[in-house]
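Down below is the structure, laid out as structure tokens.
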Amino acid sequence: QQKYFHWGFSEMIHFENSKKNVLNGALFYPANYDPSVKYPMIVYIYQKLSKRLHRYENPSFLSSEGINVTHLTANGYFVLLPDIEYESGNPVISATECVESAVKSVINKGLINASKVGLMGHSFGGYETNFIITKSKLFAAAISGAGISDNIRFYFTHNSDFNAPEIKRVENGQFRMGVSFYEDKNSYYRNSPVHNAENI
């Protein structure tokens, strides 16, 4: 079925975070790319995704993550999957810095329409998306799939899938806070989408 679709191509980009560490991002070009056109771009985030640079993906409306790169490139979008390097105690603040740096590196290439950049994330990426739009002005639209908006409320919940409290995952797991809510409330508030929502 591949012959019935238009296909783009991909390249690895490199950018720096605030600590001057060089990170990677997978950049997918639109099908039938025309250098004279400034295209819209979708940025999809979830920890480290640059390893998907050469991933084969059938075009489809169906996706457990809410995104299909090939479907988007076939419809005239750039797609960027940037890697994120996290700082303990500031997970989504550090994510914001990485994502903004990655997007600016593509903007500086002159490939895209900087006023038409969208942000997407699912699950932990949804949490990151919810927070990033409270701090960044780079995105015209955002989609958060199953994302946490209130990290403090989430901290006190019980996960029925894992039959375990979320405290462990927030302090020392994926959320990388490093300390309990009671040891450093300010960090929790700093990394809270809902407590920064007035800035959207």
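Ordered as shown in the structure tokens, chains take letters A, B, and onward, while each chain numbers its residues from 1 and ligands are numbered from 1 in the order shown.
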message: Can you tell me which residues surround A:Ile132 at a distance of at most 6 Å, considering only C-alpha atoms, apart from same-chain residues fewer than 4 positions away, and format the answer as a PyMOL selection string?
response: chain A and resi 96+128+136
task: Using DSSP on the backbone coordinates, identify the residues of stretch 113-170 of chain A assigned to strand (DSSP E); present them as an MDAnalysis selection string.
output: chainID A and resid 113:122 141:145 158:159 164:165
- request: Mind the document's chain letters and residue numbers, and return as a PyMOL selection string the residues of stretch 1-132 of chain A that DSSP labels alpha helix (DSSP H).
  value: chain A and resi 69-74+91-107+124-132
message: Using only C-alpha atoms, which protein or nucleic acid residues come within 9 Å of A:Ile67? Drop anything in the same chain fewer than 5 positions from it, and give the result as a PyMOL selection string.
response: chain A and resi 44+61-62+72+120-121
Can you write out the residues you just picked, keeping all heavy atoms, as an mmCIF file, in the first residue's frame?
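To be explicit, this is the file written out as again.cif:
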data_model
loop_
_atom_site.group_PDB
_atom_site.id
_atom_site.type_symbol
_atom_site.label_atom_id
_atom_site.label_comp_id
_atom_site.auth_asym_id
_atom_site.auth_seq_id
_atom_site.Cartn_x
_atom_site.Cartn_y
_atom_site.Cartn_z
ATOM 1 N N TYR A 44 5.946 16.839 18.965
ATOM 2 C CA TYR A 44 5.415 15.792 19.839
ATOM 3 C C TYR A 44 6.474 15.420 20.870
ATOM 4 O O TYR A 44 7.637 15.182 20.511
ATOM 5 C CB TYR A 44 5.020 14.553 19.031
ATOM 6 C CG TYR A 44 4.342 13.509 19.880
ATOM 7 C CD1 TYR A 44 3.011 13.651 20.253
ATOM 8 C CD2 TYR A 44 5.036 12.391 20.338
ATOM 9 C CE1 TYR A 44 2.380 12.703 21.049
ATOM 10 C CE2 TYR A 44 4.416 11.439 21.132
ATOM 11 C CZ TYR A 44 3.088 11.602 21.481
ATOM 12 O OH TYR A 44 2.473 10.673 22.274
ATOM 13 N N PHE A 61 -5.327 7.180 10.946
ATOM 14 C CA PHE A 61 -5.974 8.023 11.947
ATOM 15 C C PHE A 61 -5.894 7.378 13.326
ATOM 16 O O PHE A 61 -6.181 8.021 14.333
ATOM 17 C CB PHE A 61 -7.445 8.252 11.595
ATOM 18 C CG PHE A 61 -7.661 9.196 10.450
ATOM 19 C CD1 PHE A 61 -8.190 8.753 9.257
ATOM 20 C CD2 PHE A 61 -7.328 10.538 10.568
ATOM 21 C CE1 PHE A 61 -8.400 9.616 8.199
ATOM 22 C CE2 PHE A 61 -7.527 11.425 9.520
ATOM 23 C CZ PHE A 61 -8.064 10.965 8.322
ATOM 24 N N LEU A 62 -5.531 6.107 13.379
ATOM 25 C CA LEU A 62 -5.528 5.360 14.633
ATOM 26 C C LEU A 62 -4.149 5.402 15.274
ATOM 27 O O LEU A 62 -3.143 5.119 14.628
ATOM 28 C CB LEU A 62 -5.942 3.911 14.386
ATOM 29 C CG LEU A 62 -7.310 3.711 13.736
ATOM 30 C CD1 LEU A 62 -7.543 2.233 13.451
ATOM 31 C CD2 LEU A 62 -8.407 4.261 14.627
ATOM 32 N N LEU A 72 0.740 13.051 9.236
ATOM 33 C CA LEU A 72 0.961 14.500 9.300
ATOM 34 C C LEU A 72 1.867 14.987 8.169
ATOM 35 O O LEU A 72 1.592 16.011 7.541
ATOM 36 C CB LEU A 72 1.539 14.885 10.657
ATOM 37 C CG LEU A 72 0.567 14.772 11.832
ATOM 38 C CD1 LEU A 72 1.298 14.945 13.153
ATOM 39 C CD2 LEU A 72 -0.561 15.800 11.713
ATOM 40 N N MET A 120 2.101 18.690 21.054
ATOM 41 C CA MET A 120 1.299 17.532 21.447
ATOM 42 C C MET A 120 2.075 16.652 22.412
ATOM 43 O O MET A 120 3.293 16.521 22.302
ATOM 44 C CB MET A 120 0.940 16.672 20.224
ATOM 45 C CG MET A 120 0.004 17.306 19.243
ATOM 46 S SD MET A 120 -0.314 16.201 17.823
ATOM 47 C CE MET A 120 -1.246 14.902 18.634
ATOM 48 N N GLY A 121 1.350 16.043 23.350
ATOM 49 C CA GLY A 121 1.956 15.070 24.243
ATOM 50 C C GLY A 121 0.882 14.189 24.840
ATOM 51 O O GLY A 121 -0.274 14.612 25.001
#
If you count only C-alpha atoms, which residues fall within 9 Å of A:Ser94, apart from same-chain ones fewer than 5 positions away, as a PDB file with N, CA and C atoms, in the first residue's frame?
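Produced file part18.pdb, reproduced below:
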ATOM      1  N   ASN A  17      20.458  22.449  25.614  1.00  0.00           N
ATOM      2  CA  ASN A  17      19.584  22.877  26.699  1.00  0.00           C
ATOM      3  C   ASN A  17      20.256  24.008  27.463  1.00  0.00           C
ATOM      4  N   SER A  18      19.664  24.444  28.564  1.00  0.00           N
ATOM      5  CA  SER A  18      20.203  25.593  29.297  1.00  0.00           C
ATOM      6  C   SER A  18      21.554  25.311  29.934  1.00  0.00           C
ATOM      7  N   ILE A  84      14.437  15.246  25.542  1.00  0.00           N
ATOM      8  CA  ILE A  84      14.359  16.107  26.725  1.00  0.00           C
ATOM      9  C   ILE A  84      15.281  15.559  27.791  1.00  0.00           C
ATOM     10  N   GLU A  85      16.064  16.434  28.392  1.00  0.00           N
ATOM     11  CA  GLU A  85      16.926  16.067  29.516  1.00  0.00           C
ATOM     12  C   GLU A  85      16.381  16.763  30.760  1.00  0.00           C
ATOM     13  N   TYR A  86      16.122  15.986  31.794  1.00  0.00           N
ATOM     14  CA  TYR A  86      15.397  16.503  32.957  1.00  0.00           C
ATOM     15  C   TYR A  86      16.318  16.892  34.100  1.00  0.00           C
ATOM     16  N   GLU A  87      15.869  17.870  34.856  1.00  0.00           N
ATOM     17  CA  GLU A  87      16.539  18.290  36.085  1.00  0.00           C
ATOM     18  C   GLU A  87      15.671  17.855  37.269  1.00  0.00           C
ATOM     19  N   SER A  88      16.262  17.154  38.205  1.00  0.00           N
ATOM     20  CA  SER A  88      15.528  16.710  39.380  1.00  0.00           C
ATOM     21  C   SER A  88      14.953  17.914  40.122  1.00  0.00           C
ATOM     22  N   VAL A  99      12.448  21.877  24.913  1.00  0.00           N
ATOM     23  CA  VAL A  99      11.511  21.938  23.797  1.00  0.00           C
ATOM     24  C   VAL A  99      11.605  23.287  23.089  1.00  0.00           C
TER      25      VAL A  99
END
- request: Would you please work out which residue, of A:Asp83, A:Glu198, A:Glu97, A:Glu166, is nearest to A:Gln47 when using only C-alpha atoms?
  value: A:Asp83
query: Skipping near chain neighbours, those fewer than 2 positions away, what residues fall within 12 Å of stretch 173-182 of chain A using only C-alpha atoms, listed as a PyMOL selection string?
result: chain A and resi 46-47+85-95+123-125+127-128+148+151-156+165-171+184-192
task: Have a look at A:Phe28, A:Tyr56, A:Tyr33, A:Phe131 and name the one nearest to A:Val106; count only C-alpha atoms.
output: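 Smallest distance to A:Val106 is found for A:Phe28.
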